[in-house]
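Okay, structure first, notes after.
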Amino acid sequence: MGGRLFATEKAGGRALYKLHAVTVLAGICLVLWYRATHVPAAGAGRAAWVGMLAAELWFGFYWVITQSVRWCPIRRRTFKDRLAARSVLLADLHACMYGDRLPSVDIFVCTADPHSEPPSLVMATVLSLMAYNYPPEKLNVYLSDDGGSILTFYALWETSAFAKHWLPFCRRYNIEPRSPAAYFAGSDKPDDPRTLEEWSFVKDLYEGMTERIDSAVRSAKVPEEMKVNHKGFSEWNTGGTSKDHQPVVQILIDGKDKGALDSEGNVLPTLVYMAREKRPQYHHNFKAGAMNALIRVSSVISKSPIIMNVDCDMYSNNSDSITEALCFFLDEEMGHKIAFVQYPQNYNNMTKNNIYGNSLNAINQVELAGLDTWGGPLYIGTGCFHRRETLCGRSFNKDYKEDWDQGIKTQQPIDQTEEKAKSLATCTYENNTQWGSEIGLKYGCPVEDVITGLAIHCRGWKSVYNNPPRAAFVGVAPTTISQTILQQKRWSEGNLSIFLSKYCPFVFGHGKIRLPHQMGYCIYGLWAPNSLPTLYYVLIPSLGLLKGTPLFPEIMSPWITPFIYVSVVKNIYSLYEALTSGDTLRGWWNGQRMWLVKRITSYLYAVIDNIRKLLGLSKMGFVVSPKVGNEDESKRYEQEIMEFGTSSPEYVIIATIALLNLVCLVGGLGQILTSGQNMLWNGLLLQVVLCGLLVTINIPIYEAMFLRKDKGRIPFSVTLASVGFVMMALFVPIF
């Protein structure tokens with residue numbers, strides 16, 4: 001009844017793209033053939049030439065891997081009106097409130113540190129999730145606090161009170177977004193006097209709440225007069241630390257309680273605080289452990305058939321996201337095959353020209369859509385709707401029928417429910433069980449979400465990617481280069497560890513998912529190894545230029561054609577992809593710079609750390625990315641000035657590469673000009689171009705080293721160290 005709930009559309013222009021891809025592949029083959037058949041005689045740069053062959057062989061291989069997601073991407077489009085009609089035979093989606101035929105939804109939010117992740121920011125996310133256009137009695141919001149902080153619990157208690165005013169306000173005016181922080185920061189005062197009065201009242205309530213929360217965080221103490229307002233504060237009477245505390249489960253709003261109403265007498269969503277037990281002698285398995293504890297705790301409070309999880313800084317930007325996700329799960333033709341619906345990760349604090357390359361536009365617009373063709377996108381750990389059954393290890397069966405009415409509907413005494421839930425959040429509960437291996441999110445990897453999604457795909461399920469015109473979730477991107485390097489290191493290190501483990505998509509997925517799907521997963525697993533050939537390519541040709549050693553064909557040789565063609569066409573397509581994904585021309589150029597920075601720092605460190613782990617010299621760790629910065633840093637970020645400021649090994653690498661290429665370009669051109677033009681035409685022209693491009697792209701680095709006077713410049717100690725390393729490199733007998 002009502003037809004399909006979503007449509008699948010193929011991306012246009014594929015014939016032209018495939019022609020482009022075939023010609024680039026032919027060019028790559030010619031480049032490799034030239035390298036293999038024109039190896040110099042021993043001693044005449046032979047080792048450097050063989051290294052260039054190895055680097056280009058890797059680049060060609062990785063380019064082939066990336067084609068899996070660009071060959072035939074698809075787009076999804078949902079029909080929410082048909083879902084409403086199917087549910088209660090009424091057309092008005094919001095007025096009918098869907099009736100009782102739609103499933104309840106458990107929403108998980110994870111936070112770990114009230115100082116790195118300010119509770120006021122987390123609470124804005126929680127409020128946006130409570131305010132979905134969905135029956136509130138079917139919504140259950142859970143906050144996992146891995147820091148076990150009374151400050152976070154206090155913030156959630158304040159939120160439970162403010163929600164009684166915020167949710168009716170959202171419904172009455174149908175506002176977007178429904179994060180109060182984002183809404184009040186981006187909206188103007190309404191013109192209507194009555195509306196203005198209510199707008200001002202709610203805004204004052206929100207600002208008062210955030211001030212009380214921020215004040216408590218600054219003082220690291222909850223006011224004593226506040227602690228009498230809820231029994232849950234007594235959980236902290238026994239003391240404890242962020243790494244050593246008892247399990248805490250507190251139901252702040254019980255949606256089954258007829259007295260839990262907002263200011264207009266409407267039912268409120270269930271709101272639950274959970275801090276799983278932590279003890280120094282037990283490994284807590286980071287975010288995966290928190291998610292698994294949430295799955296168990298929610299099973300005795302609400303047990304909704306759909307679970308959605310989102311990062312604490314990723315607020316809901318589209319109040320219809322649940323409805324859109326259900327269009328996939330409830331589709332009569334394909335819904336029974338779908339394990340999870342993944343939304344993209346978007347940011348609201350990007351600069352116009354994407355100074356640190358953090359927009360993820362190509363991933364969101366191209367790669368995840370391309371993965372959807374072969375069986376579905378990977379699970380990226382946030383903005384994802386899951387079937388509870390698949391997270392709990394169920395394999396796909398074509399005869400399986402989901403019971404969408406499942407859930408806990410009978411009301412138990414809250415104290416009993418909380419005590420039962422606590423027993424499921426202890427350190428020892430998972431001992432001698434399959435949690436973390438066959439049940440729940442998998443353990444043993446910093447990117448537990450990716451291997452969890454891969455395992456779900458390998459059990460026969462599909463996933464779908466939904467990227468609606470209005471972003472479903474919006475968060476905070478790194479605002480300094482150090483934050484960006486840290487984030488990229490964590491992602492690339494985790495993905496490489498998957499590739500090197502039993503979960504390698506080519507091994508674990510063999511015979512279970514299609515080869516292009518395996519290749520799509522490996523795009524991210526092979527991010528880190530790109531560091532080594534990239535380092536080689538930005539060092540050796542430049543040193544060869546300085547020392548007069550040609551590493552490319554002569555300008556008049558026909559063999560120069562494939563080198564130029566592959567380089568030019570690949571970059572033109574990269575620019576086209578960036579522009580059609582929403583970047584600017586300057587944003588693309590900044591992205592190229594950050595592409596280089598990530599490969600020579602984050603990815604290099606990821607390779608080193610994985611080698612150390614394989615040798616047993618280090619263990620897996622997890623670092624929470626900070627969500628706060630100082631005022632000066634924020635100002636420079638808005639002005640798109642790169643932020644350095646401190647001394648670090650990563651900055652030494654960046655500065656050394658930049659300075660070495662500048663020295664090689666100046667020195668190489670000086671030798672060419674003094675010895676005549678023959679030297680330029682004799683195979684050095686492409687090295688001049690490559691070195692010149694590297695110098696041009698590093699102009700902001702030179703400014704930070706030599707010209708800037710602000711606190712975000714590269715420290716003199718870093719510049720001095722880079723000068724020393726450049727001098728050492730110039731005297732190394734490579735050629």
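How things are named: the first chain in the structure tokens is A, the next is B, and so on; residues count from 1 in each chain; ligands count from 1 in the order shown.
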Please produce, as JSON lines, a per-residue contact table for region 326-441 of chain A versus region 268-276 of chain A (criterion: any atom at most 9 Å away, only C-alpha atoms considered), showing the nearest atom pair and its distance in Å to one decimal, sorted by chain then residue number.
{"residue": "A:Lys422", "atom": "CA", "partner": "A:Arg276", "partner_atom": "CA", "distance": 7.7}
{"residue": "A:Leu424", "atom": "CA", "partner": "A:Arg276", "partner_atom": "CA", "distance": 8.6}
{"residue": "A:Ala425", "atom": "CA", "partner": "A:Arg276", "partner_atom": "CA", "distance": 4.8}
{"residue": "A:Thr426", "atom": "CA", "partner": "A:Arg276", "partner_atom": "CA", "distance": 6.2}
{"residue": "A:Cys427", "atom": "CA", "partner": "A:Arg276", "partner_atom": "CA", "distance": 7.7}
Next, the residues of the selection above should be written as a compact mmCIF listing (two decimals), in the first residue's frame with N, CA and C atoms.
# COMPACT_ATOMS: atom_id res chain seq x y z
N LYS A 422 21.94 -1.35 36.23
CA LYS A 422 23.30 -1.22 36.76
C LYS A 422 24.06 -2.54 36.68
N LEU A 424 23.95 -4.64 34.50
CA LEU A 424 24.36 -4.88 33.11
C LEU A 424 25.50 -3.97 32.68
N ALA A 425 25.88 -3.03 33.54
CA ALA A 425 26.92 -2.06 33.20
C ALA A 425 28.14 -2.20 34.10
N THR A 426 28.34 -3.40 34.65
CA THR A 426 29.50 -3.64 35.50
C THR A 426 30.71 -4.08 34.68
N CYS A 427 31.87 -4.01 35.30
CA CYS A 427 33.12 -4.39 34.61
C CYS A 427 33.15 -5.88 34.28
Counting only C-alpha atoms, which residues of region 552-640 of chain A sit at most 12 Å from some atom of region 339-349 of chain A, and what is each one's closest atom pair with its distance in Å to one decimal, listed by chain and rising residue number, as a tab-separated table?
residue	atom	partner	partner_atom	distance
A:Lys627	CA	A:Asn349	CA	11.6
A:Ser634	CA	A:Asn349	CA	10.3
A:Tyr637	CA	A:Asn349	CA	9.7
A:Glu638	CA	A:Asn349	CA	9.0
A:Glu640	CA	A:Asn349	CA	12.0
Atoms to include: N, CA, C and O atoms. Write the selected residues as a short mmCIF file (atom, residue, chain, number, x, y, z; two decimals), in the first residue's frame.
data_model
loop_
_atom_site.label_atom_id
_atom_site.label_comp_id
_atom_site.auth_asym_id
_atom_site.auth_seq_id
_atom_site.Cartn_x
_atom_site.Cartn_y
_atom_site.Cartn_z
N LYS A 627 37.04 19.72 22.02
CA LYS A 627 36.00 20.47 21.31
C LYS A 627 36.03 21.95 21.66
O LYS A 627 35.08 22.67 21.39
N SER A 634 40.58 30.83 17.59
CA SER A 634 39.31 30.91 16.87
C SER A 634 39.33 32.05 15.86
O SER A 634 38.83 31.92 14.74
N TYR A 637 41.44 31.07 12.95
CA TYR A 637 40.71 30.07 12.16
C TYR A 637 39.70 30.73 11.24
O TYR A 637 39.61 30.40 10.05
N GLU A 638 38.96 31.69 11.78
CA GLU A 638 37.97 32.40 10.96
C GLU A 638 38.63 33.19 9.84
O GLU A 638 38.06 33.37 8.77
N GLU A 640 41.22 32.17 8.32
CA GLU A 640 41.88 31.15 7.51
C GLU A 640 43.40 31.30 7.53
O GLU A 640 44.07 31.22 6.50
#
Near region 483-486 of chain A, counting only C-alpha atoms, which residues have an atom at most 9 Å away, once you skip same-chain residues fewer than 2 positions from it, shown as an mmCIF file with all heavy atoms, in the first residue's frame?
data_model
loop_
_atom_site.group_PDB
_atom_site.id
_atom_site.type_symbol
_atom_site.label_atom_id
_atom_site.label_comp_id
_atom_site.auth_asym_id
_atom_site.auth_seq_id
_atom_site.Cartn_x
_atom_site.Cartn_y
_atom_site.Cartn_z
ATOM 1 N N TYR A 356 41.609 23.586 6.634
ATOM 2 C CA TYR A 356 42.272 22.346 7.047
ATOM 3 C C TYR A 356 41.749 21.109 6.328
ATOM 4 O O TYR A 356 42.038 19.987 6.739
ATOM 5 C CB TYR A 356 42.155 22.162 8.562
ATOM 6 C CG TYR A 356 42.880 23.228 9.351
ATOM 7 C CD1 TYR A 356 42.216 24.026 10.268
ATOM 8 C CD2 TYR A 356 44.240 23.451 9.153
ATOM 9 C CE1 TYR A 356 42.883 25.013 10.985
ATOM 10 C CE2 TYR A 356 44.910 24.444 9.858
ATOM 11 C CZ TYR A 356 44.228 25.215 10.765
ATOM 12 O OH TYR A 356 44.901 26.187 11.464
ATOM 13 N N GLY A 357 40.983 21.298 5.273
ATOM 14 C CA GLY A 357 40.524 20.162 4.477
ATOM 15 C C GLY A 357 39.646 19.190 5.242
ATOM 16 O O GLY A 357 39.670 17.986 4.971
ATOM 17 N N ASN A 358 38.846 19.700 6.199
ATOM 18 C CA ASN A 358 38.056 18.821 7.060
ATOM 19 C C ASN A 358 36.597 18.656 6.646
ATOM 20 O O ASN A 358 35.805 18.062 7.378
ATOM 21 C CB ASN A 358 38.083 19.354 8.507
ATOM 22 C CG ASN A 358 39.419 19.129 9.181
ATOM 23 O OD1 ASN A 358 40.030 18.087 9.008
ATOM 24 N ND2 ASN A 358 39.883 20.113 9.932
ATOM 25 N N ALA A 477 34.119 20.603 13.549
ATOM 26 C CA ALA A 477 35.352 20.109 12.935
ATOM 27 C C ALA A 477 36.563 20.643 13.695
ATOM 28 O O ALA A 477 36.474 21.660 14.390
ATOM 29 C CB ALA A 477 35.419 20.555 11.477
ATOM 30 N N PRO A 478 37.708 19.978 13.584
ATOM 31 C CA PRO A 478 38.935 20.512 14.187
ATOM 32 C C PRO A 478 39.233 21.912 13.655
ATOM 33 O O PRO A 478 39.041 22.185 12.468
ATOM 34 C CB PRO A 478 40.005 19.510 13.745
ATOM 35 C CG PRO A 478 39.258 18.248 13.485
ATOM 36 C CD PRO A 478 37.931 18.669 12.949
ATOM 37 N N THR A 479 39.712 22.778 14.533
ATOM 38 C CA THR A 479 39.962 24.171 14.147
ATOM 39 C C THR A 479 41.436 24.548 14.185
ATOM 40 O O THR A 479 41.775 25.718 14.021
ATOM 41 C CB THR A 479 39.169 25.127 15.058
ATOM 42 O OG1 THR A 479 39.541 24.877 16.427
ATOM 43 C CG2 THR A 479 37.671 24.923 14.892
ATOM 44 N N THR A 480 42.300 23.586 14.420
ATOM 45 C CA THR A 480 43.746 23.822 14.349
ATOM 46 C C THR A 480 44.378 22.673 13.585
ATOM 47 O O THR A 480 43.790 21.597 13.454
ATOM 48 C CB THR A 480 44.396 23.906 15.745
ATOM 49 O OG1 THR A 480 44.317 22.618 16.374
ATOM 50 C CG2 THR A 480 43.702 24.939 16.625
ATOM 51 N N ILE A 481 45.586 22.900 13.113
ATOM 52 C CA ILE A 481 46.260 21.841 12.358
ATOM 53 C C ILE A 481 46.633 20.680 13.271
ATOM 54 O O ILE A 481 46.613 19.514 12.850
ATOM 55 C CB ILE A 481 47.498 22.405 11.625
ATOM 56 C CG1 ILE A 481 47.986 21.397 10.574
ATOM 57 C CG2 ILE A 481 48.604 22.781 12.591
ATOM 58 C CD1 ILE A 481 49.023 21.958 9.624
ATOM 59 N N GLN A 488 43.130 12.706 12.129
ATOM 60 C CA GLN A 488 43.481 11.896 10.968
ATOM 61 C C GLN A 488 44.400 10.735 11.356
ATOM 62 O O GLN A 488 44.313 9.648 10.776
ATOM 63 C CB GLN A 488 44.153 12.769 9.905
ATOM 64 C CG GLN A 488 43.227 13.789 9.272
ATOM 65 C CD GLN A 488 42.189 13.161 8.370
ATOM 66 O OE1 GLN A 488 42.433 12.114 7.763
ATOM 67 N NE2 GLN A 488 41.025 13.775 8.271
ATOM 68 N N LYS A 489 45.264 10.947 12.332
ATOM 69 C CA LYS A 489 46.119 9.856 12.802
ATOM 70 C C LYS A 489 45.271 8.752 13.410
ATOM 71 O O LYS A 489 45.485 7.565 13.144
ATOM 72 C CB LYS A 489 47.123 10.370 13.833
ATOM 73 C CG LYS A 489 47.976 9.261 14.459
ATOM 74 C CD LYS A 489 48.861 9.783 15.577
ATOM 75 C CE LYS A 489 49.617 8.641 16.246
ATOM 76 N NZ LYS A 489 48.736 7.702 16.962
ATOM 77 N N ARG A 490 44.282 9.130 14.229
ATOM 78 C CA ARG A 490 43.438 8.128 14.873
ATOM 79 C C ARG A 490 42.656 7.328 13.840
ATOM 80 O O ARG A 490 42.572 6.106 13.911
ATOM 81 C CB ARG A 490 42.481 8.818 15.855
ATOM 82 C CG ARG A 490 41.758 7.853 16.772
ATOM 83 C CD ARG A 490 40.946 8.593 17.814
ATOM 84 N NE ARG A 490 39.755 9.191 17.229
ATOM 85 C CZ ARG A 490 39.369 10.443 17.449
ATOM 86 N NH1 ARG A 490 40.091 11.235 18.215
ATOM 87 N NH2 ARG A 490 38.267 10.912 16.892
ATOM 88 N N TRP A 491 42.084 8.035 12.867
ATOM 89 C CA TRP A 491 41.303 7.343 11.836
ATOM 90 C C TRP A 491 42.188 6.430 10.991
ATOM 91 O O TRP A 491 41.856 5.266 10.756
ATOM 92 C CB TRP A 491 40.609 8.365 10.943
ATOM 93 C CG TRP A 491 39.469 9.097 11.594
ATOM 94 C CD1 TRP A 491 38.904 8.828 12.806
ATOM 95 C CD2 TRP A 491 38.759 10.221 11.060
ATOM 96 N NE1 TRP A 491 37.888 9.718 13.059
ATOM 97 C CE2 TRP A 491 37.768 10.574 12.005
ATOM 98 C CE3 TRP A 491 38.847 10.957 9.889
ATOM 99 C CZ2 TRP A 491 36.883 11.636 11.811
ATOM 100 C CZ3 TRP A 491 37.966 12.014 9.686
ATOM 101 C CH2 TRP A 491 37.002 12.349 10.628
ATOM 102 N N VAL A 597 50.015 17.305 3.954
ATOM 103 C CA VAL A 597 50.318 17.354 5.388
ATOM 104 C C VAL A 597 49.888 16.061 6.080
ATOM 105 O O VAL A 597 50.633 15.489 6.886
ATOM 106 C CB VAL A 597 49.639 18.573 6.043
ATOM 107 C CG1 VAL A 597 49.663 18.461 7.566
ATOM 108 C CG2 VAL A 597 50.313 19.864 5.593
ATOM 109 N N LYS A 598 48.687 15.587 5.779
ATOM 110 C CA LYS A 598 48.188 14.363 6.414
ATOM 111 C C LYS A 598 49.064 13.167 6.066
ATOM 112 O O LYS A 598 49.346 12.313 6.922
ATOM 113 C CB LYS A 598 46.736 14.098 5.984
ATOM 114 C CG LYS A 598 45.730 15.050 6.602
ATOM 115 C CD LYS A 598 44.300 14.704 6.248
ATOM 116 C CE LYS A 598 43.984 14.969 4.805
ATOM 117 N NZ LYS A 598 42.542 14.825 4.508
ATOM 118 N N THR A 601 52.506 13.312 7.954
ATOM 119 C CA THR A 601 52.459 13.353 9.427
ATOM 120 C C THR A 601 51.515 12.278 9.964
ATOM 121 O O THR A 601 51.955 11.230 10.436
ATOM 122 C CB THR A 601 52.034 14.746 9.923
ATOM 123 O OG1 THR A 601 50.756 15.102 9.362
ATOM 124 C CG2 THR A 601 53.064 15.784 9.550
ATOM 125 N N SER A 602 50.212 12.512 9.873
ATOM 126 C CA SER A 602 49.222 11.600 10.450
ATOM 127 C C SER A 602 49.402 10.179 9.942
ATOM 128 O O SER A 602 49.457 9.216 10.725
ATOM 129 C CB SER A 602 47.803 12.077 10.120
ATOM 130 O OG SER A 602 47.588 13.388 10.533
ATOM 131 N N TYR A 603 49.478 10.019 8.623
ATOM 132 C CA TYR A 603 49.553 8.685 8.034
ATOM 133 C C TYR A 603 50.893 8.025 8.342
ATOM 134 O O TYR A 603 50.964 6.813 8.581
ATOM 135 C CB TYR A 603 49.336 8.754 6.522
ATOM 136 C CG TYR A 603 47.952 9.228 6.102
ATOM 137 C CD1 TYR A 603 47.632 9.388 4.761
ATOM 138 C CD2 TYR A 603 46.969 9.528 7.040
ATOM 139 C CE1 TYR A 603 46.376 9.823 4.362
ATOM 140 C CE2 TYR A 603 45.717 9.961 6.650
ATOM 141 C CZ TYR A 603 45.427 10.116 5.307
ATOM 142 O OH TYR A 603 44.187 10.550 4.919
ATOM 143 N N VAL A 623 42.366 8.761 22.124
ATOM 144 C CA VAL A 623 42.466 10.127 22.618
ATOM 145 C C VAL A 623 41.203 10.870 22.207
ATOM 146 O O VAL A 623 40.817 10.867 21.030
ATOM 147 C CB VAL A 623 43.704 10.841 22.032
ATOM 148 C CG1 VAL A 623 43.784 12.268 22.553
ATOM 149 C CG2 VAL A 623 44.971 10.068 22.384
ATOM 150 N N SER A 625 39.220 13.895 21.061
ATOM 151 C CA SER A 625 39.530 15.145 20.379
ATOM 152 C C SER A 625 38.905 16.307 21.142
ATOM 153 O O SER A 625 37.702 16.286 21.412
ATOM 154 C CB SER A 625 38.997 15.128 18.945
ATOM 155 O OG SER A 625 39.586 14.087 18.209
ATOM 156 N N PRO A 626 39.678 17.343 21.496
ATOM 157 C CA PRO A 626 39.102 18.465 22.233
ATOM 158 C C PRO A 626 38.117 19.234 21.382
ATOM 159 O O PRO A 626 38.301 19.396 20.180
ATOM 160 C CB PRO A 626 40.328 19.321 22.586
ATOM 161 C CG PRO A 626 41.371 18.944 21.588
ATOM 162 C CD PRO A 626 41.112 17.516 21.231
ATOM 163 N N GLU A 650 55.592 16.765 14.434
ATOM 164 C CA GLU A 650 54.833 16.877 13.181
ATOM 165 C C GLU A 650 55.177 18.172 12.456
ATOM 166 O O GLU A 650 55.341 18.191 11.227
ATOM 167 C CB GLU A 650 53.329 16.825 13.455
ATOM 168 C CG GLU A 650 52.836 15.509 14.039
ATOM 169 C CD GLU A 650 52.830 15.537 15.560
ATOM 170 O OE1 GLU A 650 53.606 16.324 16.141
ATOM 171 O OE2 GLU A 650 52.060 14.773 16.151
#
Residue among A:Ala362, A:Val566, A:Leu19, A:Met130 lying closest to Val31 (chain A), counting only C-alpha atoms: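 Comparing A:Ala362, A:Val566, A:Leu19, A:Met130 against Val31 (chain A), the winner is A:Val566.
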All alpha helix (DSSP H) positions in region 344-474 of chain A, as number ranges by chain: A: 361-362, 368-374, 388-391, 414-423, 448-458
